[in-house]
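Okay, structure first, notes after.
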Amino acid sequence: MISLSINGHQHSIDVEPDTPLLFVLRDTIGLSGTKYGCGIGQCGACTVLIDGQAIRSCQMPVESVGAQTVTTIEAIETDPVGARVVAAWVGIDVPQCGYCQSGQVMAATGLLKETPKPSDDAIAAAMTNLCRCGTYNAIAAAVRQAAA
């Protein structure tokens with residue numbers, strides 16, 4: 001059994017230690033807001049926060065989480081920074097298709113937790129998640145608004 005702290009709740013799960021965190025979140029625990037995109041850590045649809053830092057959950061074995069806390073999109077509004085990011089996303093109407101947006105919100109929250117007032121270059125460097133709809137300008141604007 002592996003014990004995980006996810007969104008403020010303890011979960012004891014019986015999975016192989018090398019199971020990617022993404023599949024534990026989606027298939028074992030039932031939190032479907034974190035998306036499967038590419039499976040190789042490139043697209044960022046699977047981004048979650050581990051102790052406040054954005055990580056690609058498709059590449060993190062569940063055994064590597066240890067005692068760290070996991071935050072998913074389902075609980076991001078309980079974090080003051082996450083709530084500001086969500087408000088900016090909604091206010092600017094960032095999403096088009098929306099598939100990548102949970103990962104984008106998580107990446108933006110991680111950035112603002114690390115760097116509360118990022119420069120445009122810092123935003124570009126941190127926001128590497130892919131968006132098929134090309135909403136990158138709106139994403140950057142929402143990050144700037146949430147940082148204000």
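By order in the structure tokens, chains are A, B, ...; within a chain, residues start at 1; ligands start at 1, following the order shown.
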
Name all residues at most 8 Å from region 112-126 of chain A (count only C-alpha atoms; drop same-chain ones fewer than 6 positions away) and give them as a ChimeraX atom specification. /A:52-53,81,140,143-144,147-148

Restricting it to N, CA and C atoms, dump the selection as a PDB file, in the first residue's frame.
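Below is the file that was written, part.pdb:
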```
ATOM      1  N   GLY A  52       3.477  22.426  -4.184  1.00  0.00           N
ATOM      2  CA  GLY A  52       3.411  23.749  -4.797  1.00  0.00           C
ATOM      3  C   GLY A  52       4.160  23.910  -6.096  1.00  0.00           C
ATOM      4  N   GLN A  53       4.903  22.903  -6.535  1.00  0.00           N
ATOM      5  CA  GLN A  53       5.663  23.001  -7.782  1.00  0.00           C
ATOM      6  C   GLN A  53       4.970  22.202  -8.875  1.00  0.00           C
ATOM      7  N   VAL A  81      -3.467  31.501  -4.517  1.00  0.00           N
ATOM      8  CA  VAL A  81      -2.859  31.777  -5.827  1.00  0.00           C
ATOM      9  C   VAL A  81      -3.664  31.085  -6.915  1.00  0.00           C
ATOM     10  N   ALA A 140      -0.925  33.975 -21.435  1.00  0.00           N
ATOM     11  CA  ALA A 140       0.055  34.909 -20.871  1.00  0.00           C
ATOM     12  C   ALA A 140      -0.657  36.109 -20.228  1.00  0.00           C
ATOM     13  N   VAL A 143      -2.017  35.026 -16.877  1.00  0.00           N
ATOM     14  CA  VAL A 143      -0.952  34.919 -15.877  1.00  0.00           C
ATOM     15  C   VAL A 143      -0.578  36.303 -15.374  1.00  0.00           C
ATOM     16  N   ARG A 144      -0.434  37.266 -16.297  1.00  0.00           N
ATOM     17  CA  ARG A 144      -0.097  38.639 -15.887  1.00  0.00           C
ATOM     18  C   ARG A 144      -1.204  39.204 -14.986  1.00  0.00           C
ATOM     19  N   ALA A 147      -1.093  37.774 -11.536  1.00  0.00           N
ATOM     20  CA  ALA A 147       0.081  38.245 -10.793  1.00  0.00           C
ATOM     21  C   ALA A 147      -0.112  39.659 -10.265  1.00  0.00           C
ATOM     22  N   ALA A 148      -1.042  40.382 -10.820  1.00  0.00           N
ATOM     23  CA  ALA A 148      -1.228  41.795 -10.447  1.00  0.00           C
ATOM     24  C   ALA A 148      -1.815  41.961  -9.066  1.00  0.00           C
TER      25      ALA A 148
END
```

Counting only C-alpha atoms, what is within 7 Å of Ser12 (chain A), bar same-chain residues fewer than 6 positions away, as a PDB file with N, CA and C atoms, in the first residue's frame?
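Saved file part-v5.pdb follows:
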```
ATOM      1  N   MET A   1       0.849  -1.191   0.000  1.00  0.00           N
ATOM      2  CA  MET A   1       0.000   0.000   0.000  1.00  0.00           C
ATOM      3  C   MET A   1       0.889   1.248   0.000  1.00  0.00           C
ATOM      4  N   ILE A   2       0.460   2.201  -0.779  1.00  0.00           N
ATOM      5  CA  ILE A   2       1.152   3.486  -0.856  1.00  0.00           C
ATOM      6  C   ILE A   2       0.201   4.543  -0.317  1.00  0.00           C
ATOM      7  N   SER A   3       0.717   5.398   0.558  1.00  0.00           N
ATOM      8  CA  SER A   3      -0.088   6.462   1.144  1.00  0.00           C
ATOM      9  C   SER A   3       0.241   7.777   0.439  1.00  0.00           C
ATOM     10  N   LEU A   4      -0.804   8.477   0.008  1.00  0.00           N
ATOM     11  CA  LEU A   4      -0.640   9.758  -0.681  1.00  0.00           C
ATOM     12  C   LEU A   4      -1.553  10.808  -0.075  1.00  0.00           C
TER      13      LEU A   4
END
```

Figure out the distance between CA of Val24 (chain A) and CA of Cys100 (chain A), please, to one decimal in Å. 19.1 Å

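With CA of Cys133 (chain A) on one side and CA of Cys97 (chain A) on the other, the separation reads 7.0 Å.
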
Excluding region 42-44 of chain A and residues on its chain fewer than 3 positions from it, collect all residues at most 12 Å away from it, counting only C-alpha atoms, and give them as number ranges by chain. A: 22, 34-39, 47-49, 54-59, 99-108, 126-132

Contacts of Ile50 (chain A) at 7 Å or less, counting only C-alpha atoms, minus same-chain residues fewer than 5 places along, as a count of residues only? 5

I'd like the contact shell of Gly33 (chain A) - 8 Å cut-off, only C-alpha atoms, skipping same-chain residues fewer than 3 positions apart - returned as a PyMOL selection string. chain A and resi 26+72-74+102

Preceding selection exported with all heavy atoms as an mmCIF file, in the first residue's frame:
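Final file, out.cif:
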```cif
data_model
loop_
_atom_site.group_PDB
_atom_site.id
_atom_site.type_symbol
_atom_site.label_atom_id
_atom_site.label_comp_id
_atom_site.auth_asym_id
_atom_site.auth_seq_id
_atom_site.Cartn_x
_atom_site.Cartn_y
_atom_site.Cartn_z
ATOM 1 N N ARG A 26 -6.328 9.468 -11.960
ATOM 2 C CA ARG A 26 -7.496 9.269 -12.827
ATOM 3 C C ARG A 26 -8.194 7.932 -12.590
ATOM 4 O O ARG A 26 -9.415 7.889 -12.418
ATOM 5 C CB ARG A 26 -7.094 9.384 -14.295
ATOM 6 C CG ARG A 26 -6.720 10.796 -14.712
ATOM 7 C CD ARG A 26 -6.417 10.881 -16.200
ATOM 8 N NE ARG A 26 -7.538 10.486 -17.019
ATOM 9 C CZ ARG A 26 -8.594 11.258 -17.289
ATOM 10 N NH1 ARG A 26 -8.662 12.477 -16.804
ATOM 11 N NH2 ARG A 26 -9.570 10.810 -18.052
ATOM 12 N N THR A 72 -4.441 18.819 -7.280
ATOM 13 C CA THR A 72 -4.935 18.694 -8.645
ATOM 14 C C THR A 72 -5.890 19.851 -8.948
ATOM 15 O O THR A 72 -6.253 20.621 -8.055
ATOM 16 C CB THR A 72 -5.671 17.354 -8.854
ATOM 17 O OG1 THR A 72 -6.900 17.372 -8.109
ATOM 18 C CG2 THR A 72 -4.810 16.172 -8.443
ATOM 19 N N ILE A 73 -6.316 19.923 -10.184
ATOM 20 C CA ILE A 73 -7.220 20.993 -10.609
ATOM 21 C C ILE A 73 -8.510 20.998 -9.785
ATOM 22 O O ILE A 73 -9.092 22.063 -9.556
ATOM 23 C CB ILE A 73 -7.521 20.892 -12.126
ATOM 24 C CG1 ILE A 73 -8.199 22.157 -12.649
ATOM 25 C CG2 ILE A 73 -8.319 19.637 -12.452
ATOM 26 C CD1 ILE A 73 -7.315 23.379 -12.667
ATOM 27 N N GLU A 74 -8.920 19.840 -9.292
ATOM 28 C CA GLU A 74 -10.163 19.774 -8.511
ATOM 29 C C GLU A 74 -10.102 20.616 -7.241
ATOM 30 O O GLU A 74 -11.145 21.046 -6.739
ATOM 31 C CB GLU A 74 -10.483 18.322 -8.145
ATOM 32 C CG GLU A 74 -10.996 17.477 -9.290
ATOM 33 C CD GLU A 74 -9.904 16.820 -10.128
ATOM 34 O OE1 GLU A 74 -8.696 17.075 -9.880
ATOM 35 O OE2 GLU A 74 -10.241 16.056 -11.032
ATOM 36 N N SER A 102 -6.660 22.566 -17.706
ATOM 37 C CA SER A 102 -6.354 22.213 -16.318
ATOM 38 C C SER A 102 -4.844 22.204 -16.103
ATOM 39 O O SER A 102 -4.354 22.722 -15.097
ATOM 40 C CB SER A 102 -6.980 20.874 -15.922
ATOM 41 O OG SER A 102 -6.467 19.810 -16.694
#
```

Distance of CA of Val94 (chain A) from CA of Met60 (chain A), expressed in Å to one decimal place: 27.9 Å

Compile the contact shell of Gly91 (chain A) as a VMD selection string: residues with an atom at most 10 Å away, counting only C-alpha atoms, same-chain residues fewer than 6 positions apart removed. chain A and resid 85 142 145

Please extract the residues of region 25-145 of chain A with a backbone DSSP assignment of strand (DSSP E) and present them as a PDB file with N, CA, C and O atoms, in the first residue's frame.
```pdb
ATOM      1  N   THR A  47      -0.316  18.188 -15.851  1.00  0.00           N
ATOM      2  CA  THR A  47       0.376  18.957 -14.810  1.00  0.00           C
ATOM      3  C   THR A  47      -0.443  19.018 -13.519  1.00  0.00           C
ATOM      4  O   THR A  47      -1.640  19.313 -13.539  1.00  0.00           O
ATOM      5  N   VAL A  48       0.235  18.725 -12.415  1.00  0.00           N
ATOM      6  CA  VAL A  48      -0.311  18.871 -11.060  1.00  0.00           C
ATOM      7  C   VAL A  48       0.743  19.593 -10.229  1.00  0.00           C
ATOM      8  O   VAL A  48       1.867  19.807 -10.691  1.00  0.00           O
ATOM      9  N   LEU A  49       0.388  19.960  -9.010  1.00  0.00           N
ATOM     10  CA  LEU A  49       1.362  20.557  -8.100  1.00  0.00           C
ATOM     11  C   LEU A  49       1.789  19.515  -7.073  1.00  0.00           C
ATOM     12  O   LEU A  49       0.945  18.827  -6.488  1.00  0.00           O
ATOM     13  N   ILE A  50       3.088  19.420  -6.881  1.00  0.00           N
ATOM     14  CA  ILE A  50       3.657  18.591  -5.814  1.00  0.00           C
ATOM     15  C   ILE A  50       4.367  19.571  -4.882  1.00  0.00           C
ATOM     16  O   ILE A  50       5.319  20.224  -5.290  1.00  0.00           O
ATOM     17  N   GLN A  53       4.903  22.903  -6.535  1.00  0.00           N
ATOM     18  CA  GLN A  53       5.663  23.001  -7.782  1.00  0.00           C
ATOM     19  C   GLN A  53       4.970  22.202  -8.875  1.00  0.00           C
ATOM     20  O   GLN A  53       4.533  21.069  -8.649  1.00  0.00           O
ATOM     21  N   ALA A  54       4.886  22.785 -10.058  1.00  0.00           N
ATOM     22  CA  ALA A  54       4.251  22.126 -11.188  1.00  0.00           C
ATOM     23  C   ALA A  54       5.119  20.979 -11.695  1.00  0.00           C
ATOM     24  O   ALA A  54       6.317  21.147 -11.914  1.00  0.00           O
ATOM     25  N   ILE A  55       4.494  19.803 -11.845  1.00  0.00           N
ATOM     26  CA  ILE A  55       5.195  18.638 -12.397  1.00  0.00           C
ATOM     27  C   ILE A  55       4.263  17.945 -13.398  1.00  0.00           C
ATOM     28  O   ILE A  55       3.045  18.087 -13.344  1.00  0.00           O
ATOM     29  N   ARG A  56       4.869  17.197 -14.290  1.00  0.00           N
ATOM     30  CA  ARG A  56       4.115  16.407 -15.268  1.00  0.00           C
ATOM     31  C   ARG A  56       3.843  15.036 -14.638  1.00  0.00           C
ATOM     32  O   ARG A  56       4.753  14.232 -14.477  1.00  0.00           O
ATOM     33  N   THR A  69       2.765  16.681  -0.771  1.00  0.00           N
ATOM     34  CA  THR A  69       1.338  16.866  -1.017  1.00  0.00           C
ATOM     35  C   THR A  69       1.086  17.090  -2.503  1.00  0.00           C
ATOM     36  O   THR A  69       1.830  17.811  -3.172  1.00  0.00           O
ATOM     37  N   VAL A  70       0.027  16.476  -2.989  1.00  0.00           N
ATOM     38  CA  VAL A  70      -0.376  16.597  -4.386  1.00  0.00           C
ATOM     39  C   VAL A  70      -1.626  17.464  -4.437  1.00  0.00           C
ATOM     40  O   VAL A  70      -2.572  17.247  -3.678  1.00  0.00           O
ATOM     41  N   THR A  71      -1.619  18.446  -5.323  1.00  0.00           N
ATOM     42  CA  THR A  71      -2.809  19.262  -5.566  1.00  0.00           C
ATOM     43  C   THR A  71      -3.175  19.120  -7.028  1.00  0.00           C
ATOM     44  O   THR A  71      -2.328  19.286  -7.908  1.00  0.00           O
TER      45      THR A  71
END
```

Would you mind writing down, as an NGL selection string, each residue of region 94-128 of chain A that DSSP on the backbone assigns to alpha helix (DSSP H)? :A and (101-114 or 120-126)

For the selection just defined, write its residues with all heavy atoms to a file, as a compact mmCIF listing (two decimals), in the first residue's frame.
```
# COMPACT_ATOMS: atom_id res chain seq x y z
N GLN A 101 -6.45 23.05 -20.53
CA GLN A 101 -6.54 24.15 -19.58
C GLN A 101 -6.29 23.77 -18.13
O GLN A 101 -5.75 24.57 -17.38
CB GLN A 101 -7.87 24.88 -19.73
CG GLN A 101 -8.00 25.59 -21.08
CD GLN A 101 -6.87 26.55 -21.36
OE1 GLN A 101 -6.57 27.42 -20.56
NE2 GLN A 101 -6.24 26.39 -22.51
N SER A 102 -6.66 22.57 -17.71
CA SER A 102 -6.35 22.21 -16.32
C SER A 102 -4.84 22.20 -16.10
O SER A 102 -4.35 22.72 -15.10
CB SER A 102 -6.98 20.87 -15.92
OG SER A 102 -6.47 19.81 -16.69
N GLY A 103 -4.10 21.66 -17.05
CA GLY A 103 -2.64 21.68 -16.96
C GLY A 103 -2.08 23.09 -17.03
O GLY A 103 -1.11 23.42 -16.33
N GLN A 104 -2.68 23.93 -17.87
CA GLN A 104 -2.22 25.32 -17.99
C GLN A 104 -2.43 26.06 -16.67
O GLN A 104 -1.55 26.80 -16.22
CB GLN A 104 -2.99 26.05 -19.11
CG GLN A 104 -2.84 25.45 -20.48
CD GLN A 104 -1.56 25.83 -21.20
OE1 GLN A 104 -0.69 26.48 -20.65
NE2 GLN A 104 -1.44 25.40 -22.44
N VAL A 105 -3.59 25.89 -16.07
CA VAL A 105 -3.90 26.55 -14.79
C VAL A 105 -2.92 26.08 -13.71
O VAL A 105 -2.42 26.88 -12.92
CB VAL A 105 -5.36 26.29 -14.37
CG1 VAL A 105 -5.61 26.65 -12.91
CG2 VAL A 105 -6.31 27.06 -15.28
N MET A 106 -2.63 24.79 -13.70
CA MET A 106 -1.70 24.26 -12.70
C MET A 106 -0.29 24.81 -12.92
O MET A 106 0.40 25.18 -11.97
CB MET A 106 -1.70 22.73 -12.74
CG MET A 106 -3.05 22.10 -12.44
SD MET A 106 -3.83 22.65 -10.91
CE MET A 106 -2.82 21.81 -9.71
N ALA A 107 0.14 24.88 -14.18
CA ALA A 107 1.48 25.42 -14.48
C ALA A 107 1.55 26.89 -14.08
O ALA A 107 2.55 27.34 -13.51
CB ALA A 107 1.80 25.24 -15.97
N ALA A 108 0.50 27.65 -14.37
CA ALA A 108 0.48 29.07 -14.02
C ALA A 108 0.50 29.25 -12.51
O ALA A 108 1.21 30.12 -11.98
CB ALA A 108 -0.75 29.75 -14.62
N THR A 109 -0.25 28.43 -11.79
CA THR A 109 -0.27 28.51 -10.34
C THR A 109 1.12 28.19 -9.77
O THR A 109 1.61 28.90 -8.88
CB THR A 109 -1.33 27.57 -9.76
OG1 THR A 109 -2.61 27.92 -10.29
CG2 THR A 109 -1.37 27.65 -8.24
N GLY A 110 1.75 27.15 -10.29
CA GLY A 110 3.10 26.81 -9.85
C GLY A 110 4.08 27.94 -10.09
O GLY A 110 4.91 28.26 -9.23
N LEU A 111 3.97 28.57 -11.26
CA LEU A 111 4.84 29.71 -11.58
C LEU A 111 4.64 30.84 -10.58
O LEU A 111 5.61 31.37 -10.03
CB LEU A 111 4.56 30.21 -13.00
CG LEU A 111 5.16 31.58 -13.36
CD1 LEU A 111 6.68 31.55 -13.31
CD2 LEU A 111 4.65 32.03 -14.72
N LEU A 112 3.39 31.22 -10.34
CA LEU A 112 3.12 32.36 -9.47
C LEU A 112 3.42 32.06 -8.00
O LEU A 112 3.71 32.98 -7.24
CB LEU A 112 1.68 32.83 -9.64
CG LEU A 112 1.36 33.41 -11.03
CD1 LEU A 112 -0.11 33.79 -11.13
CD2 LEU A 112 2.27 34.58 -11.36
N LYS A 113 3.40 30.82 -7.61
CA LYS A 113 3.80 30.46 -6.25
C LYS A 113 5.31 30.63 -6.09
O LYS A 113 5.79 31.03 -5.04
CB LYS A 113 3.38 29.04 -5.92
CG LYS A 113 1.87 28.91 -5.70
CD LYS A 113 1.44 27.48 -5.50
CE LYS A 113 1.34 27.08 -4.07
NZ LYS A 113 0.70 27.97 -3.13
N GLU A 114 6.06 30.34 -7.15
CA GLU A 114 7.51 30.48 -7.13
C GLU A 114 7.95 31.92 -7.38
O GLU A 114 8.89 32.41 -6.77
CB GLU A 114 8.13 29.60 -8.22
CG GLU A 114 8.86 28.41 -7.70
CD GLU A 114 9.45 27.58 -8.82
OE1 GLU A 114 10.28 28.12 -9.59
OE2 GLU A 114 9.09 26.41 -8.91
N ASP A 120 7.62 38.90 -18.53
CA ASP A 120 7.09 38.21 -19.71
C ASP A 120 8.00 37.07 -20.12
O ASP A 120 7.52 36.01 -20.54
CB ASP A 120 6.91 39.20 -20.88
CG ASP A 120 5.70 40.10 -20.69
OD1 ASP A 120 4.85 39.81 -19.82
OD2 ASP A 120 5.60 41.10 -21.42
N ASP A 121 9.31 37.24 -19.98
CA ASP A 121 10.25 36.17 -20.31
C ASP A 121 10.09 34.99 -19.36
O ASP A 121 10.15 33.84 -19.78
CB ASP A 121 11.70 36.67 -20.28
CG ASP A 121 12.04 37.56 -21.45
OD1 ASP A 121 11.30 37.53 -22.47
OD2 ASP A 121 13.05 38.30 -21.36
N ALA A 122 9.86 35.27 -18.08
CA ALA A 122 9.66 34.20 -17.10
C ALA A 122 8.37 33.44 -17.38
O ALA A 122 8.31 32.22 -17.25
CB ALA A 122 9.66 34.76 -15.68
N ILE A 123 7.33 34.17 -17.78
CA ILE A 123 6.06 33.53 -18.14
C ILE A 123 6.27 32.62 -19.35
O ILE A 123 5.86 31.46 -19.36
CB ILE A 123 4.96 34.57 -18.42
CG1 ILE A 123 4.59 35.31 -17.13
CG2 ILE A 123 3.73 33.92 -19.05
CD1 ILE A 123 3.70 36.52 -17.32
N ALA A 124 6.95 33.11 -20.36
CA ALA A 124 7.20 32.31 -21.57
C ALA A 124 8.04 31.07 -21.24
O ALA A 124 7.78 29.99 -21.77
CB ALA A 124 7.90 33.16 -22.63
N ALA A 125 9.00 31.23 -20.36
CA ALA A 125 9.87 30.10 -19.99
C ALA A 125 9.12 29.05 -19.18
O ALA A 125 9.38 27.85 -19.31
CB ALA A 125 11.08 30.60 -19.22
N ALA A 126 8.19 29.48 -18.33
CA ALA A 126 7.49 28.54 -17.45
C ALA A 126 6.27 27.90 -18.10
O ALA A 126 5.93 26.76 -17.80
CB ALA A 126 7.06 29.26 -16.17
```
